[in-house]
>>> print(open('final-v4.cif').read())   # mmCIF, C-alpha atoms
data_input
#
loop_
_atom_site.label_atom_id
_atom_site.label_comp_id
_atom_site.auth_asym_id
_atom_site.auth_seq_id
_atom_site.Cartn_x
_atom_site.Cartn_y
_atom_site.Cartn_z
CA ARG A 1 89.39 0.28 -131.33
CA PHE A 2 88.00 2.74 -133.81
CA PRO A 3 84.41 3.01 -135.14
CA PHE A 4 82.92 -0.21 -136.51
CA GLY A 5 85.55 -2.24 -134.63
CA GLN A 6 88.37 -1.29 -136.97
CA PRO A 7 91.99 -1.43 -135.73
CA CYS A 8 92.99 1.86 -137.38
CA ALA A 9 91.68 4.90 -139.21
CA ALA A 10 92.79 7.28 -141.93
CA VAL A 11 92.39 11.04 -142.28
CA LEU A 12 93.25 12.31 -145.77
CA ASN A 13 93.45 16.06 -146.02
CA GLY A 14 95.20 19.05 -147.53
CA ASP A 15 95.49 22.81 -147.67
CA SER A 16 94.04 24.98 -150.44
CA ASP A 17 97.12 27.27 -150.63
CA GLY A 18 96.04 29.31 -153.64
CA CYS A 19 94.80 26.37 -155.71
CA ALA A 20 92.28 27.26 -158.43
CA PRO A 21 88.65 26.10 -157.97
CA GLY A 22 89.08 23.37 -160.59
CA GLY A 23 91.99 21.90 -158.66
CA LEU A 24 90.02 21.93 -155.42
CA HIS A 25 87.20 19.95 -157.01
CA LEU A 26 89.74 17.60 -158.59
CA ALA A 27 90.98 16.70 -155.10
CA PHE A 28 87.51 15.59 -154.03
CA ASP A 29 86.90 13.77 -157.32
CA LEU A 30 90.18 11.85 -157.02
CA ALA A 31 89.34 10.90 -153.45
CA GLU A 32 85.96 9.53 -154.51
CA GLU A 33 87.56 7.70 -157.41
CA HIS A 34 89.63 5.78 -154.87
CA GLY A 35 86.79 5.28 -152.41
CA VAL A 36 88.00 7.65 -149.69
CA ARG A 37 86.92 10.95 -148.14
CA TYR A 38 88.97 14.12 -148.21
CA SER A 39 89.14 17.13 -145.88
CA LEU A 40 90.14 20.49 -147.36
CA TYR A 41 91.40 23.44 -145.31
CA LEU A 42 90.34 26.55 -147.19
CA MET A 43 92.13 29.90 -146.92
CA LYS A 44 89.90 32.90 -146.22
CA GLN A 45 91.17 34.52 -149.42
CA GLN A 46 89.69 31.56 -151.34
CA PHE A 47 86.18 31.56 -149.91
CA ASP A 48 84.95 32.63 -153.34
CA SER A 49 86.38 29.39 -154.77
CA LEU A 50 83.66 27.30 -153.11
CA SER A 51 80.09 28.48 -152.70
CA SER A 52 77.93 27.57 -149.74
CA ASN A 53 75.94 25.18 -151.94
CA GLU A 54 79.12 23.50 -153.18
CA VAL A 55 80.38 22.98 -149.65
CA SER A 56 77.01 21.57 -148.59
CA ASP A 57 77.14 19.16 -151.52
CA LEU A 58 80.70 18.07 -150.65
CA ARG A 59 79.78 17.46 -147.03
CA GLY A 60 76.73 15.52 -148.13
CA ARG A 61 79.08 13.27 -150.12
CA GLY A 62 81.12 12.58 -146.97
CA HIS A 63 83.92 15.12 -147.42
CA ASP A 64 84.79 18.03 -145.16
CA VAL A 65 85.83 21.66 -145.58
CA GLY A 66 87.56 23.57 -142.80
CA LEU A 67 89.53 26.75 -142.33
CA HIS A 68 93.22 27.31 -143.17
CA PRO A 69 94.04 30.43 -141.10
CA TRP A 70 96.94 32.76 -141.82
CA HIS A 71 97.81 35.80 -139.71
CA GLY A 72 101.44 36.22 -140.63
CA SER A 73 104.57 34.22 -139.87
CA GLN A 74 105.00 35.62 -136.34
CA PRO A 75 101.64 36.86 -135.02
CA THR A 76 101.31 37.91 -131.40
CA VAL A 77 98.98 35.91 -129.19
CA GLU A 78 96.41 38.71 -129.41
CA GLU A 79 96.72 39.03 -133.19
CA MET A 80 96.22 35.28 -133.54
CA ARG A 81 93.24 35.24 -131.20
CA LEU A 82 91.44 38.15 -132.84
CA GLY A 83 92.21 36.81 -136.31
CA LEU A 84 90.86 33.36 -135.51
CA LEU A 85 87.69 34.74 -133.94
CA ARG A 86 87.10 36.95 -136.97
CA ASP A 87 87.88 34.27 -139.58
CA TYR A 88 85.76 31.56 -137.97
CA ALA A 89 82.85 33.99 -137.64
CA THR A 90 83.17 34.77 -141.36
CA PHE A 91 83.38 31.07 -142.21
CA GLN A 92 80.28 30.28 -140.15
CA GLU A 93 78.36 33.16 -141.71
CA ARG A 94 79.24 31.96 -145.22
CA TYR A 95 78.95 28.18 -144.81
CA GLY A 96 76.63 27.77 -141.84
CA TYR A 97 78.83 25.75 -139.47
CA VAL A 98 82.03 25.86 -137.40
CA PRO A 99 84.65 23.35 -138.63
CA THR A 100 85.70 20.92 -135.91
CA ASN A 101 89.28 20.44 -137.16
CA THR A 102 91.98 22.72 -138.52
CA ARG A 103 95.44 23.17 -139.92
CA HIS A 104 96.98 26.64 -140.17
CA HIS A 105 98.94 27.95 -143.13
CA SER A 106 102.62 27.17 -142.48
CA VAL A 107 101.29 25.50 -139.29
CA VAL A 108 101.74 28.78 -137.42
CA THR A 109 100.42 29.12 -133.88
CA ALA A 110 101.12 31.84 -131.28
CA GLY A 111 102.22 31.47 -127.67
CA TRP A 112 102.37 28.13 -125.91
CA THR A 113 98.78 26.91 -125.59
CA GLU A 114 96.92 30.20 -126.09
CA THR A 115 96.09 29.49 -129.72
CA GLN A 116 94.72 26.06 -128.85
CA GLU A 117 92.64 27.58 -126.06
CA THR A 118 91.13 30.01 -128.56
CA LEU A 119 90.39 27.19 -131.01
CA ALA A 120 88.60 25.25 -128.26
CA GLU A 121 86.59 28.35 -127.35
CA ILE A 122 85.50 28.67 -130.99
CA GLY A 123 84.40 25.02 -131.14
CA VAL A 124 87.35 23.39 -132.91
CA ARG A 125 88.10 19.96 -131.42
CA LEU A 126 91.07 18.66 -133.43
CA ASP A 127 94.31 20.50 -134.24
CA LEU A 128 96.51 19.03 -137.01
CA ASN A 129 99.28 21.66 -136.88
CA PHE A 130 101.89 19.31 -135.38
CA CYS A 131 103.69 17.98 -138.45
CA PRO A 132 107.20 17.10 -139.69
CA GLY A 133 109.44 20.05 -140.49
CA ARG A 134 113.10 20.97 -140.64
CA GLY A 135 115.31 18.03 -139.76
CA PHE A 136 112.36 15.63 -139.45
CA GLN A 137 110.82 14.32 -142.65
CA TRP A 138 108.08 11.97 -141.47
CA GLY A 139 106.92 10.04 -138.42
CA PHE A 140 105.19 10.19 -135.06
CA LEU A 141 106.15 13.49 -133.48
CA ASN A 142 104.37 12.83 -130.19
CA GLY A 143 105.55 9.21 -130.00
CA SER A 144 102.05 7.94 -130.67
CA ALA A 145 99.72 7.25 -133.56
CA ARG A 146 96.85 8.55 -131.42
CA SER A 147 95.48 12.02 -130.71
CA MET A 148 96.74 13.71 -127.54
CA ARG A 149 94.64 16.12 -125.49
CA MET A 150 96.06 19.62 -125.04
CA SER A 151 96.59 21.23 -121.65
CA ARG A 152 97.27 24.72 -120.35
CA ALA A 153 100.53 25.72 -118.69
CA ASP A 154 99.01 24.93 -115.27
CA GLY A 155 98.14 21.39 -116.34
CA THR A 156 94.39 21.85 -116.68
CA LEU A 157 92.97 20.27 -119.82
CA VAL A 158 91.76 22.08 -122.92
CA ASP A 159 88.77 20.69 -124.82
CA LEU A 160 90.91 20.13 -127.89
CA TYR A 161 93.01 17.24 -129.17
CA GLN A 162 96.13 17.45 -131.30
CA HIS A 163 97.10 14.76 -133.77
CA SER A 164 100.50 14.68 -135.40
CA THR A 165 100.58 14.58 -139.18
CA LEU A 166 102.76 11.69 -140.41
CA THR A 167 103.80 12.90 -143.85
CA THR A 168 103.47 16.01 -146.00
CA ASP A 169 103.61 15.77 -149.77
CA ASP A 170 106.08 18.61 -150.21
CA GLY A 171 108.00 17.47 -147.14
CA ILE A 172 108.90 14.03 -148.49
CA LEU A 173 109.07 14.78 -152.22
CA THR A 174 111.28 17.90 -151.88
CA ASP A 175 114.21 18.79 -149.66
CA LYS A 176 112.36 21.54 -147.75
CA THR A 177 112.98 19.73 -144.44
CA GLY A 178 116.71 19.87 -145.05
CA LEU A 179 116.76 16.14 -145.80
CA PRO A 180 117.05 14.51 -149.23
CA ALA A 181 113.80 14.23 -151.15
CA LEU A 182 112.31 10.78 -151.63
CA SER A 183 111.57 9.51 -155.11
CA LEU A 184 107.92 8.92 -155.93
CA ASP A 185 108.45 5.15 -155.61
CA GLU A 186 110.13 5.60 -152.22
CA ALA A 187 107.27 7.80 -151.04
CA ILE A 188 104.70 5.21 -152.09
CA LEU A 189 106.60 2.44 -150.29
CA LEU A 190 106.78 4.60 -147.15
CA SER A 191 103.04 5.21 -147.26
CA GLU A 192 102.31 1.51 -147.77
CA ARG A 193 104.57 0.56 -144.86
CA LEU A 194 102.93 3.06 -142.52
CA ILE A 195 99.45 1.90 -143.47
CA VAL A 196 100.30 -1.76 -142.89
CA GLN A 197 102.01 -1.06 -139.57
CA LEU A 198 99.14 1.10 -138.34
CA HIS A 199 96.67 -1.62 -139.28
CA GLU A 200 98.59 -4.63 -137.98
CA GLU A 201 100.73 -3.32 -135.12
CA TRP A 202 100.13 0.20 -133.83
CA GLN A 203 96.34 0.64 -134.08
CA GLY A 204 96.53 4.34 -134.82
CA VAL A 205 95.58 6.94 -137.40
CA TYR A 206 97.22 7.23 -140.81
CA LEU A 207 97.37 10.98 -141.38
CA PRO A 208 99.20 12.31 -144.44
CA TYR A 209 98.35 15.55 -146.15
CA PHE A 210 98.16 16.36 -149.84
CA HIS A 211 97.93 19.85 -151.33
CA PRO A 212 95.32 19.98 -154.13
CA ILE A 213 97.65 22.24 -156.12
CA TYR A 214 99.97 19.23 -156.53
CA PHE A 215 97.23 16.95 -157.88
CA GLU A 216 97.73 18.54 -161.27
CA GLU A 217 100.95 18.95 -163.23
CA ASN A 218 102.64 21.07 -160.56
CA ALA A 219 105.82 19.87 -158.89
CA PRO A 220 106.03 17.68 -156.90
CA PHE A 221 102.87 16.25 -158.61
CA THR A 222 101.51 13.91 -155.97
#
>>> encode(input="final-v4.cif", output="structure tokens")
Amino acid sequence: RFPFGQPCAAVLNGDSDGCAPGGLHLAFDLAEEHGVRYSLYLMKQQFDSLSSNEVSDLRGRGHDVGLHPWHGSQPTVEEMRLGLLRDYATFQERYGYVPTNTRHHSVVTAGWTETQETLAEIGVRLDLNFCPGRGFQWGFLNGSARSMRMSRADGTLVDLYQHSTLTTDDGILTDKTGLPALSLDEAILLSERLIVQLHEEWQGVYLPYFHPIYFEENAPFT
């Protein structure tokens, strides 16, 4: 069971990915309009898009703002570690806290579990980088609708959980996975089916992600 005796939960989130400040605020406003909370993963290059006071206000309204790290498409383990340590220190200095959950730009990690070990060292507790990609459009990548705890190569546990993302807006509404894009109606039906099944059968977490840049008139306009 989840908090308050509920059979399932939902985590609605997305990545800033160059979205203008107005679009970032629109994401939070749309979430509130529909009675839900939204988590935004903010790129370091966009820290000027949200002030410390704005982030404090958003968190006070029940939303969350985390970090969306990017250290290249193929960083070494050391490059990833040093980059994460530096970026999280900058985030904490600017906003006054260490985010407890993350998703990286292009969901890039380095090594096997080294990146997750660094995240745990920093204070991150939930990794959302495991998501559908090429040849897999949506679904439960780890065979479960629950978070799974990470471990090192020797089997010892890391103080960090990973939860697989079920759907990505660009992943189901475009052919970037190598599979045919769904129509908007098909995507809505898929979301409804997953929500019902998670509530009535699987007792897990509904975890899609929505880029704020697509909340406006940008394709695929989610």
>>> residues_around(input="final-v4.cif", residues="Ile213 in chain A", least_positions_apart="3", cutoff="9 Å", atoms="only C-alpha atoms", output="ChimeraX atom specification")
/A:15-20,23-24,27,210,216-219,221
>>> resolve_selection(input="final-v4.cif", expression="the PyMOL selection byres ((chain A and resi 159-161) around 6)", output="list of chain:residue names")
A:Ala120, A:Arg125, A:Leu126, A:Ser147, A:Met148, A:Arg149, A:Met150, A:Val158, A:Gln162
>>> atom_distance(input="final-v4.cif", atom1="CA of Asp127 in chain A", atom2="CA of Arg61 in chain A")
23.2 Å
>>> residues_around(input="final-v4.cif", residues="range 89-101 of chain A", least_positions_apart="4", cutoff="8 Å", atoms="only C-alpha atoms", output="list in words")
Lys44, Ser51, Ser52, Val55, Ser56, Val65, Gly66, Leu67, Leu85, Ile122, Gly123, Val124, Arg125, Leu126, Asp127 and Leu128 of chain A
>>> write_last_selection(input="final-v4.cif", atoms="C-alpha atoms", output="mmCIF file, in the coordinates of the input")
data_model
loop_
_atom_site.group_PDB
_atom_site.id
_atom_site.type_symbol
_atom_site.label_atom_id
_atom_site.label_comp_id
_atom_site.auth_asym_id
_atom_site.auth_seq_id
_atom_site.Cartn_x
_atom_site.Cartn_y
_atom_site.Cartn_z
ATOM 1 C CA LYS A 44 89.900 32.900 -146.220
ATOM 2 C CA SER A 51 80.090 28.480 -152.700
ATOM 3 C CA SER A 52 77.930 27.570 -149.740
ATOM 4 C CA VAL A 55 80.380 22.980 -149.650
ATOM 5 C CA SER A 56 77.010 21.570 -148.590
ATOM 6 C CA VAL A 65 85.830 21.660 -145.580
ATOM 7 C CA GLY A 66 87.560 23.570 -142.800
ATOM 8 C CA LEU A 67 89.530 26.750 -142.330
ATOM 9 C CA LEU A 85 87.690 34.740 -133.940
ATOM 10 C CA ILE A 122 85.500 28.670 -130.990
ATOM 11 C CA GLY A 123 84.400 25.020 -131.140
ATOM 12 C CA VAL A 124 87.350 23.390 -132.910
ATOM 13 C CA ARG A 125 88.100 19.960 -131.420
ATOM 14 C CA LEU A 126 91.070 18.660 -133.430
ATOM 15 C CA ASP A 127 94.310 20.500 -134.240
ATOM 16 C CA LEU A 128 96.510 19.030 -137.010
#
>>> resolve_selection(input="final-v4.cif", expression="the PyMOL selection byres ((chain A and resi 64) around 7)", output="list of chain:residue names")
A:Tyr38, A:Ser39, A:Leu40, A:Leu58, A:Arg59, A:Gly62, A:His63, A:Val65, A:Gly66
>>> resolve_selection(input="final-v4.cif", expression="the PyMOL selection byres ((chain A and resi 106) around 9)", output="ChimeraX atom specification")
/A:70,73,103-105,107-108,129
>>> closest_residue(input="final-v4.cif", among="A:Leu182, A:Ala10, A:Ala145, A:Pro220", to="Glu201 in chain A", atoms="all atoms listed in the file")
A:Ala145
>>> residues_near_point(input="final-v4.cif", point="(96.4, 10.3, -138.4)", cutoff="8 Å", atoms="all atoms listed in the file", output="list in words")
Ala9, Ala10, Val11, Ala145, Arg146, Ser147, His163, Ser164, Thr165, Leu166, Gly204, Val205, Tyr206, Leu207 and Pro208 of chain A
>>> write_last_selection(input="final-v4.cif", atoms="C-alpha atoms", output="PDB file, in the frame of the given file")
ATOM      1  CA  ALA A   9      91.680   4.900-139.210  1.00  0.00           C
ATOM      2  CA  ALA A  10      92.790   7.280-141.930  1.00  0.00           C
ATOM      3  CA  VAL A  11      92.390  11.040-142.280  1.00  0.00           C
ATOM      4  CA  ALA A 145      99.720   7.250-133.560  1.00  0.00           C
ATOM      5  CA  ARG A 146      96.850   8.550-131.420  1.00  0.00           C
ATOM      6  CA  SER A 147      95.480  12.020-130.710  1.00  0.00           C
ATOM      7  CA  HIS A 163      97.100  14.760-133.770  1.00  0.00           C
ATOM      8  CA  SER A 164     100.500  14.680-135.400  1.00  0.00           C
ATOM      9  CA  THR A 165     100.580  14.580-139.180  1.00  0.00           C
ATOM     10  CA  LEU A 166     102.760  11.690-140.410  1.00  0.00           C
ATOM     11  CA  GLY A 204      96.530   4.340-134.820  1.00  0.00           C
ATOM     12  CA  VAL A 205      95.580   6.940-137.400  1.00  0.00           C
ATOM     13  CA  TYR A 206      97.220   7.230-140.810  1.00  0.00           C
ATOM     14  CA  LEU A 207      97.370  10.980-141.380  1.00  0.00           C
ATOM     15  CA  PRO A 208      99.200  12.310-144.440  1.00  0.00           C
TER      16      PRO A 208
END
>>> decode(input="final-v4.cif", residues="range 61-202 of chain A", atoms="C-alpha atoms", output="tab-separated table (two decimals), in the first residue's frame")
chain	number	residue	atom	x	y	z
A	61	ARG	CA	2.61	24.66	-3.71
A	62	GLY	CA	3.50	20.95	-3.69
A	63	HIS	CA	5.64	20.75	-6.84
A	64	ASP	CA	9.29	19.78	-7.11
A	65	VAL	CA	12.35	20.96	-9.01
A	66	GLY	CA	15.37	18.73	-9.50
A	67	LEU	CA	18.47	18.57	-11.65
A	68	HIS	CA	18.71	17.39	-15.28
A	69	PRO	CA	22.45	16.66	-15.64
A	70	TRP	CA	24.28	16.53	-18.96
A	71	HIS	CA	27.97	15.72	-19.33
A	72	GLY	CA	28.04	14.58	-22.92
A	73	SER	CA	26.71	11.51	-24.70
A	74	GLN	CA	29.59	9.23	-23.61
A	75	PRO	CA	31.19	10.60	-20.42
A	76	THR	CA	33.76	8.53	-18.59
A	77	VAL	CA	32.93	7.39	-15.08
A	78	GLU	CA	35.24	10.07	-13.68
A	79	GLU	CA	33.79	12.81	-15.90
A	80	MET	CA	30.29	11.85	-14.80
A	81	ARG	CA	31.23	11.74	-11.13
A	82	LEU	CA	33.01	15.10	-11.10
A	83	GLY	CA	30.26	16.69	-13.18
A	84	LEU	CA	27.51	15.47	-10.86
A	85	LEU	CA	29.36	16.59	-7.74
A	86	ARG	CA	29.91	20.03	-9.27
A	87	ASP	CA	26.37	20.45	-10.60
A	88	TYR	CA	24.63	19.35	-7.41
A	89	ALA	CA	26.85	21.67	-5.37
A	90	THR	CA	25.85	24.55	-7.67
A	91	PHE	CA	22.17	23.58	-7.43
A	92	GLN	CA	22.32	23.45	-3.62
A	93	GLU	CA	24.10	26.79	-3.46
A	94	ARG	CA	21.46	28.41	-5.67
A	95	TYR	CA	18.28	26.77	-4.36
A	96	GLY	CA	19.20	25.68	-0.85
A	97	TYR	CA	18.57	21.93	-1.04
A	98	VAL	CA	19.71	18.70	-2.71
A	99	PRO	CA	17.00	17.17	-4.94
A	100	THR	CA	16.12	13.63	-3.91
A	101	ASN	CA	15.24	12.39	-7.41
A	102	THR	CA	16.72	12.82	-10.87
A	103	ARG	CA	16.58	12.13	-14.57
A	104	HIS	CA	19.60	12.86	-16.77
A	105	HIS	CA	19.47	14.48	-20.18
A	106	SER	CA	19.18	11.68	-22.76
A	107	VAL	CA	19.12	9.40	-19.67
A	108	VAL	CA	22.92	9.08	-19.87
A	109	THR	CA	24.80	7.34	-17.07
A	110	ALA	CA	28.42	6.13	-16.99
A	111	GLY	CA	29.79	2.72	-16.01
A	112	TRP	CA	27.62	0.01	-14.50
A	113	THR	CA	26.58	1.26	-11.06
A	114	GLU	CA	29.21	3.95	-10.51
A	115	THR	CA	26.89	6.80	-11.46
A	116	GLN	CA	24.20	5.54	-9.10
A	117	GLU	CA	26.76	5.24	-6.31
A	118	THR	CA	27.73	8.87	-6.85
A	119	LEU	CA	24.08	9.95	-6.81
A	120	ALA	CA	23.56	8.14	-3.50
A	121	GLU	CA	26.67	9.81	-2.08
A	122	ILE	CA	25.25	13.21	-3.05
A	123	GLY	CA	21.91	12.47	-1.38
A	124	VAL	CA	19.74	11.50	-4.35
A	125	ARG	CA	17.40	8.63	-3.46
A	126	LEU	CA	15.41	7.96	-6.65
A	127	ASP	CA	16.78	7.51	-10.18
A	128	LEU	CA	14.28	7.76	-13.06
A	129	ASN	CA	16.76	7.19	-15.91
A	130	PHE	CA	15.44	3.73	-16.81
A	131	CYS	CA	12.91	4.47	-19.55
A	132	PRO	CA	11.67	3.11	-22.90
A	133	GLY	CA	13.99	3.64	-25.84
A	134	ARG	CA	14.85	2.12	-29.19
A	135	GLY	CA	12.71	-0.91	-29.92
A	136	PHE	CA	10.63	-0.49	-26.75
A	137	GLN	CA	7.95	2.18	-26.77
A	138	TRP	CA	6.32	1.89	-23.35
A	139	GLY	CA	5.96	-0.49	-20.42
A	140	PHE	CA	7.59	-1.95	-17.33
A	141	LEU	CA	11.28	-2.33	-18.09
A	142	ASN	CA	12.14	-4.03	-14.81
A	143	GLY	CA	9.05	-6.26	-14.88
A	144	SER	CA	7.50	-4.37	-12.00
A	145	ALA	CA	5.50	-1.23	-11.34
A	146	ARG	CA	7.54	-0.71	-8.17
A	147	SER	CA	10.90	0.90	-7.46
A	148	MET	CA	13.90	-1.45	-7.31
A	149	ARG	CA	16.91	-0.85	-5.09
A	150	MET	CA	20.27	-0.56	-6.85
A	151	SER	CA	23.28	-2.70	-5.97
A	152	ARG	CA	26.99	-2.64	-6.68
A	153	ALA	CA	28.75	-5.25	-8.81
A	154	ASP	CA	29.56	-7.24	-5.66
A	155	GLY	CA	25.90	-7.39	-4.65
A	156	THR	CA	26.03	-4.91	-1.78
A	157	LEU	CA	23.15	-2.45	-1.81
A	158	VAL	CA	23.30	1.22	-2.76
A	159	ASP	CA	21.10	3.70	-0.88
A	160	LEU	CA	19.26	4.56	-4.08
A	161	TYR	CA	16.17	3.19	-5.82
A	162	GLN	CA	15.48	3.14	-9.53
A	163	HIS	CA	11.99	3.35	-10.96
A	164	SER	CA	11.27	2.66	-14.60
A	165	THR	CA	9.46	5.36	-16.53
A	166	LEU	CA	6.39	3.91	-18.31
A	167	THR	CA	5.93	6.36	-21.17
A	168	THR	CA	7.69	9.35	-22.68
A	169	ASP	CA	5.75	11.95	-24.62
A	170	ASP	CA	8.15	12.05	-27.56
A	171	GLY	CA	8.61	8.29	-27.37
A	172	ILE	CA	4.96	7.42	-28.01
A	173	LEU	CA	3.92	10.38	-30.18
A	174	THR	CA	6.91	10.15	-32.57
A	175	ASP	CA	8.82	7.27	-34.12
A	176	LYS	CA	12.08	7.98	-32.25
A	177	THR	CA	12.00	4.48	-30.70
A	178	GLY	CA	11.97	2.94	-34.16
A	179	LEU	CA	8.32	1.98	-33.72
A	180	PRO	CA	5.30	3.69	-35.30
A	181	ALA	CA	4.07	6.77	-33.48
A	182	LEU	CA	0.74	6.57	-31.69
A	183	SER	CA	-2.01	9.02	-32.51
A	184	LEU	CA	-3.02	11.39	-29.73
A	185	ASP	CA	-6.21	9.36	-29.16
A	186	GLU	CA	-4.20	6.13	-28.97
A	187	ALA	CA	-1.79	7.70	-26.50
A	188	ILE	CA	-4.66	8.86	-24.28
A	189	LEU	CA	-6.23	5.38	-24.34
A	190	LEU	CA	-2.87	3.84	-23.42
A	191	SER	CA	-2.49	6.21	-20.48
A	192	GLU	CA	-6.04	5.51	-19.28
A	193	ARG	CA	-5.48	1.75	-19.51
A	194	LEU	CA	-2.23	1.93	-17.54
A	195	ILE	CA	-3.81	4.07	-14.83
A	196	VAL	CA	-6.77	1.72	-14.42
A	197	GLN	CA	-4.57	-1.38	-14.36
A	198	LEU	CA	-2.18	0.15	-11.84
A	199	HIS	CA	-5.10	1.10	-9.61
A	200	GLU	CA	-7.12	-2.11	-9.89
A	201	GLU	CA	-4.57	-4.86	-10.55
A	202	TRP	CA	-0.88	-4.07	-10.20
